[in-house]
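As structure tokens, the structure follows; a few thoughts come after it.
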Amino acid sequence: MYAMKLVEADRGTALRASFTQEERLSAGRHVHLQNNVLTFGCLVEGTLDTGRLRQAYLALRQRHESLRLVFPRRPGGGADAAELRAPGDAGFHVVDAGSDDPAVGLRRARALVAEAAEVPFDLANGPLVRLLCVRISPALHVVGCVVDHIVVDGESCRIMAEDLFRLYAADTADTAALPAVGTQFLDFAHSERLHLRGPTLDRLLSYWRRKLDGVGAIPSSHLRDPAVGDAARPVSSRRLLVRRATIEPASCGRLRQAARGHRVTLTAVFAAALKDAVRRRRLALGMNPDQAGDVAVMGSIGNRHRDGLRHSVGYFATPCVLRTDLRDAPPFTELVRRETGTLLGTLRHQELPHALMTRELDPERYGVRHRGDLGAVPEYVNFDVSEAGSGWSFADETLRVTMIRIPRNEVPRGGVRLLVRDERDRLLVELRTDDSRFGPRWADSFLADCLAPVKEFTEKAA
């Protein structure tokens with residue numbers, strides 16, 4: 001059971017970063033990667049008052065302390081120093097898309113937000129958030145937000161967008177009728193350090209020591225594309241390759257019904273499909289069944305099961321290792337059942353962040369994902385199911401706001417990432433690869449391999 005007691009940090013004393021933040025600060029404070037930046041965009045239809053938006057931005061930073069965090073270097077101190085700054089409007093920008101054509105203007109607006117994500121953040125001095133109001137026409141804007149991942153997670157982006165426009169629509173921040181922020185992230189980080197020590201830490205380390213035995217804290221994918229070869233390629237040649245598929249409403253409904261019938265989640269279904277595809281690719285590369293069937297991928301835990309964190313902004317999420325035994329090549333329904341057990345075990349032990357787990361159990365890989373030498377990063381598979389932003393919109397008497405995607409060259413650090421976006425009535429399945437390691441034909445066939453058992457699982461339940 002998750003038994004961490006939330007204890008408020010004393011703002012009058014030296015503040016400390018979380019274990020997850022500390023790993024980034026110790027290994028990659030000055031390394032700028034697109035993986036360490038989160039963005040979201042809001043298409044705003046209607047007359048937008050930029051002065052009022054600026055005030056909403058100030059109120060947003062006042063409401064959520066994480067948006068005012070910086071991480072200074074203290075003489076003689078460690079890498080875990082954190083500090084709160086006053087909520088000034090630094091980072092707020094108003095720019096023009098420079099086009100009379102709305103379609104062209106929208107493309108340019110997205111590009112301007114993506115360009116803002118290319119500019120490195122100064123973790124020591126901040127601000128670590130940028131808000132761009134891009135004018136396309138008097139009645140059409142894109143409000144894009146770029147924020148360093150060290151202070152927020154994916155779910156925080158949806159909360160920020162919702163709060164920003166509620167604050168904009170209110171006469172003052174006091175009249176915005178926003179739900180209370182139960183826990184600020186600094187209090188969570190403080191509580192985490194108090195909790196994860198002694199017998200509690202030993203118990204959690206014991207579980208993860210067993211789960212990571214033989215694969216480590218960043219499990220190797222053992223995947224390669226024979227058409228690309230093994231020759232080392234410079235980091236500068238890394239480009240994002242994306243392949244997408246959509247499970248439309250009718251099929252999506254049947255898939256959800258099939259999952260309910262088997263008492264499993266969509267996360268378990270897609271994780272099982274991904275791991276089966278990895279196993280089959282390993283066999284094709286010549287690995288023996290025992291090696292090929294011991295499949296571990298990197299996932300992510302939202303870490304927001306407490307009611308007090310529902311409306312909080314911060315970096316609560318943590319990477320995790322999802323390891324499942326497929327050595328006997330089980331039928332897919334059995335594999336989904338096993339994957340459900342893997343996910344439940346991970347959730348029961350989620351209070352140990354991956355950074356602390358790695359530092360204690362696999363110190364050679366501590367911080368490796370944040371270092372500047374990307375060639376030293378192990379090749380691994382990353383898997384995520386995301387609901388962030390799905391179905392969110394805002395409207396009042398003058399505005400209609402919908403979230404839009406901001407395309408960026410965010411190459412997966414481990415080489416392969418499968419992302420499932422749950423949009424309620426449909427599912428978007430996206431495979432992202434590093435095209436210096438995995439080419440287009442490999443990506444097409446691998447995505448097809450991931451989708452095939454999901455389709456069969458759906459049809460059998462019909």
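In the structure tokens, chains take the letters A, B, ... in the order shown, each chain's residues start at 1, and ligands count up from 1 in the order shown.
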Counting only C-alpha atoms, which residues in stretch 337-376 of chain A sit no more than 10 Å from stretch 210-213 of chain A? For each one, give the nearest pair of atoms and the distance in Å, sorted by chain then residue number, as a Markdown table.
```
| residue | atom | partner | partner_atom | distance |
| --- | --- | --- | --- | --- |
| A:Thr342 | CA | A:Lys211 | CA | 9.8 |
| A:Gly345 | CA | A:Lys211 | CA | 9.8 |
| A:Thr346 | CA | A:Lys211 | CA | 9.6 |
| A:Met357 | CA | A:Leu212 | CA | 9.8 |
| A:Thr358 | CA | A:Leu212 | CA | 9.9 |
| A:Leu361 | CA | A:Leu212 | CA | 8.5 |
| A:Asp362 | CA | A:Leu212 | CA | 9.0 |
```
Item to check | Residues within 6 Å of stretch 244-251 of chain A, only C-alpha atoms, excluding chain neighbours under 5 positions, as an NGL selection string | outcome: :A and (425-430)
Residues from the last selection, N, CA and C atoms, saved as an mmCIF file, in the first residue's frame:
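Dumped everything to part-v7.cif:
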```
data_model
loop_
_atom_site.group_PDB
_atom_site.id
_atom_site.type_symbol
_atom_site.label_atom_id
_atom_site.label_comp_id
_atom_site.auth_asym_id
_atom_site.auth_seq_id
_atom_site.Cartn_x
_atom_site.Cartn_y
_atom_site.Cartn_z
ATOM 1 N N ASP A 425 -13.394 8.492 -27.845
ATOM 2 C CA ASP A 425 -14.135 7.832 -28.906
ATOM 3 C C ASP A 425 -13.218 7.119 -29.894
ATOM 4 N N ARG A 426 -11.947 7.401 -29.859
ATOM 5 C CA ARG A 426 -10.993 6.718 -30.727
ATOM 6 C C ARG A 426 -9.638 6.657 -30.042
ATOM 7 N N LEU A 427 -8.748 5.835 -30.610
ATOM 8 C CA LEU A 427 -7.390 5.689 -30.091
ATOM 9 C C LEU A 427 -6.394 6.018 -31.192
ATOM 10 N N LEU A 428 -5.400 6.827 -30.871
ATOM 11 C CA LEU A 428 -4.310 7.119 -31.798
ATOM 12 C C LEU A 428 -3.073 6.358 -31.333
ATOM 13 N N VAL A 429 -2.545 5.526 -32.194
ATOM 14 C CA VAL A 429 -1.359 4.727 -31.873
ATOM 15 C C VAL A 429 -0.201 5.283 -32.686
ATOM 16 N N GLU A 430 0.827 5.699 -32.000
ATOM 17 C CA GLU A 430 1.946 6.375 -32.663
ATOM 18 C C GLU A 430 3.254 5.676 -32.322
#
```
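Each of A:Gly293, A:Pro179, A:Pro127, A:Gly41 was checked against A:Arg166 using only C-alpha atoms; the smallest atom-to-atom distance is that of A:Pro179.
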Checklist entry - Which residues in stretch 196-306 of chain A does DSSP call helix (DSSP H, G or I)? List them as a ChimeraX atom specification. => result /A:198-212,235-237,249-261,266-284,289-292
Would you write out those residues with C-alpha atoms, as a CSV table (one decimal), in the first residue's frame?
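This is the output file selection09.csv:
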```csv
chain,number,residue,atom,x,y,z
A,198,GLY,CA,14.9,2.9,6.6
A,199,PRO,CA,12.6,-0.2,6.4
A,200,THR,CA,10.3,1.4,3.8
A,201,LEU,CA,13.2,2.0,1.4
A,202,ASP,CA,14.6,-1.5,2.1
A,203,ARG,CA,11.2,-3.1,1.3
A,204,LEU,CA,10.8,-1.3,-2.0
A,205,LEU,CA,14.4,-1.9,-3.1
A,206,SER,CA,13.9,-5.6,-2.4
A,207,TYR,CA,11.0,-5.7,-4.8
A,208,TRP,CA,12.7,-3.9,-7.5
A,209,ARG,CA,16.0,-5.8,-7.0
A,210,ARG,CA,14.1,-8.9,-8.0
A,211,LYS,CA,12.3,-7.3,-10.9
A,212,LEU,CA,15.5,-5.7,-12.4
A,235,VAL,CA,24.1,12.4,-32.9
A,236,SER,CA,23.5,15.2,-35.4
A,237,SER,CA,22.0,12.7,-37.8
A,249,PRO,CA,-14.9,4.7,-32.9
A,250,ALA,CA,-16.6,1.5,-33.9
A,251,SER,CA,-13.5,-0.6,-33.5
A,252,CYS,CA,-12.5,1.3,-30.4
A,253,GLY,CA,-15.9,0.5,-28.8
A,254,ARG,CA,-15.5,-3.2,-29.5
A,255,LEU,CA,-11.9,-3.1,-28.1
A,256,ARG,CA,-13.1,-1.5,-24.9
A,257,GLN,CA,-15.8,-4.1,-24.6
A,258,ALA,CA,-13.3,-6.9,-25.1
A,259,ALA,CA,-11.0,-5.5,-22.4
A,260,ARG,CA,-13.9,-5.2,-20.0
A,261,GLY,CA,-14.9,-8.8,-20.8
A,266,LEU,CA,-6.3,-1.0,-22.6
A,267,THR,CA,-2.8,-0.3,-21.2
A,268,ALA,CA,-2.4,-4.0,-20.5
A,269,VAL,CA,-3.6,-4.9,-24.0
A,270,PHE,CA,-1.2,-2.6,-25.8
A,271,ALA,CA,1.7,-3.3,-23.5
A,272,ALA,CA,1.2,-7.0,-24.2
A,273,ALA,CA,1.0,-6.4,-28.0
A,274,LEU,CA,4.2,-4.3,-27.9
A,275,LYS,CA,6.1,-7.0,-25.9
A,276,ASP,CA,5.0,-9.7,-28.2
A,277,ALA,CA,6.3,-7.7,-31.2
A,278,VAL,CA,9.6,-7.2,-29.4
A,279,ARG,CA,9.9,-11.0,-28.7
A,280,ARG,CA,9.2,-11.9,-32.3
A,281,ARG,CA,11.7,-9.4,-33.6
A,282,ARG,CA,14.4,-10.7,-31.3
A,283,LEU,CA,13.7,-14.3,-32.5
A,284,ALA,CA,14.1,-13.1,-36.1
A,289,PRO,CA,13.6,-18.2,-27.0
A,290,ASP,CA,14.6,-17.7,-23.4
A,291,GLN,CA,16.5,-14.5,-24.1
A,292,ALA,CA,13.9,-13.2,-26.6
```
Fewer than 5 positions away in the same chain doesn't count, so skip those; otherwise give me all residues within 7 Å of stretch 26-32 of chain A, counting only C-alpha atoms, as a PDB file with C-alpha atoms, in the first residue's frame.
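What landed in selection27.pdb:
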```pdb
ATOM      1  CA  ALA A  79      22.652  18.761  -6.906  1.00  0.00           C
ATOM      2  CA  PRO A 120      17.670  25.952 -23.863  1.00  0.00           C
ATOM      3  CA  GLY A 367      21.627   9.806 -15.032  1.00  0.00           C
ATOM      4  CA  HIS A 370      20.291  12.948 -19.328  1.00  0.00           C
ATOM      5  CA  ARG A 371      23.937  13.065 -20.373  1.00  0.00           C
ATOM      6  CA  GLY A 372      25.180  14.928 -23.415  1.00  0.00           C
TER       7      GLY A 372
END
```
If we count only C-alpha atoms and set the cut-off at 10 Å, which residues sit around stretch 215-226 of chain A, ignoring sequence neighbours fewer than 6 positions away in its own chain? Please answer as a short mmCIF file (atom, residue, chain, number, x, y, z; two decimals) with C-alpha atoms, in the first residue's frame.
```
data_model
loop_
_atom_site.label_atom_id
_atom_site.label_comp_id
_atom_site.auth_asym_id
_atom_site.auth_seq_id
_atom_site.Cartn_x
_atom_site.Cartn_y
_atom_site.Cartn_z
CA TRP A 208 12.73 -3.85 -7.55
CA ARG A 209 15.98 -5.75 -7.01
CA VAL A 278 9.61 -7.22 -29.42
CA ARG A 279 9.86 -10.97 -28.70
CA ARG A 281 11.73 -9.38 -33.62
CA ARG A 282 14.36 -10.74 -31.26
CA ALA A 284 14.07 -13.10 -36.06
CA LEU A 285 17.44 -11.61 -35.14
CA MET A 287 18.15 -14.72 -30.10
CA GLN A 291 16.50 -14.51 -24.10
CA ALA A 292 13.93 -13.24 -26.58
CA ASP A 294 12.34 -12.03 -21.22
CA VAL A 295 10.95 -8.64 -22.27
CA ALA A 296 11.31 -5.45 -20.25
CA VAL A 297 10.39 -2.00 -21.52
CA MET A 298 10.42 1.46 -19.99
CA PRO A 319 9.71 6.26 -15.37
CA CYS A 320 9.35 2.60 -14.51
CA VAL A 321 10.44 -0.82 -15.75
CA LEU A 322 7.74 -3.20 -17.02
CA ARG A 323 9.13 -6.74 -17.23
CA HIS A 354 13.07 5.40 -10.94
CA ALA A 355 15.90 7.83 -10.17
CA MET A 357 15.88 2.94 -7.79
CA THR A 358 18.65 3.39 -10.36
CA ARG A 359 21.01 5.15 -7.97
CA LEU A 361 20.48 -0.74 -7.66
CA ASP A 362 22.15 0.16 -10.98
CA PRO A 363 24.45 3.14 -10.28
CA GLU A 364 26.33 2.84 -13.59
CA ARG A 365 23.14 3.88 -15.37
CA TYR A 366 22.19 6.66 -12.98
CA VAL A 368 22.68 8.20 -18.32
CA ARG A 369 19.50 9.31 -20.13
CA VAL A 377 22.38 5.84 -23.85
CA PRO A 378 21.27 2.18 -23.98
CA GLU A 379 18.82 1.26 -26.73
CA TYR A 380 15.50 0.64 -25.02
CA VAL A 381 11.79 0.65 -25.81
CA ASN A 382 9.51 3.21 -24.20
CA GLY A 414 16.14 4.76 -26.42
CA GLY A 415 15.39 4.53 -30.15
CA VAL A 416 11.78 3.26 -30.05
CA ASP A 435 15.64 6.95 -38.04
CA SER A 436 19.41 6.64 -37.74
CA ARG A 437 18.72 3.25 -36.10
CA PHE A 438 15.37 2.14 -37.52
CA GLY A 439 14.24 2.90 -41.05
CA PRO A 440 10.76 3.49 -42.51
CA ARG A 441 10.12 -0.11 -43.62
CA TRP A 442 11.11 -1.42 -40.19
CA ALA A 443 8.84 1.10 -38.47
#
```
Checklist entry - Given the choices A:Val151, A:Val44, A:Val242, A:Leu58, which gets closest to A:Glu410 if the distance is worked out from only C-alpha atoms? => result A:Val242
Next on the checklist: So that I can check the secondary structure, give me every residue of stretch 295-369 of chain A assigned strand (DSSP E or B) by backbone DSSP, as an MDAnalysis selection string.
Outcome noted: chainID A and resid 295:301 318:325
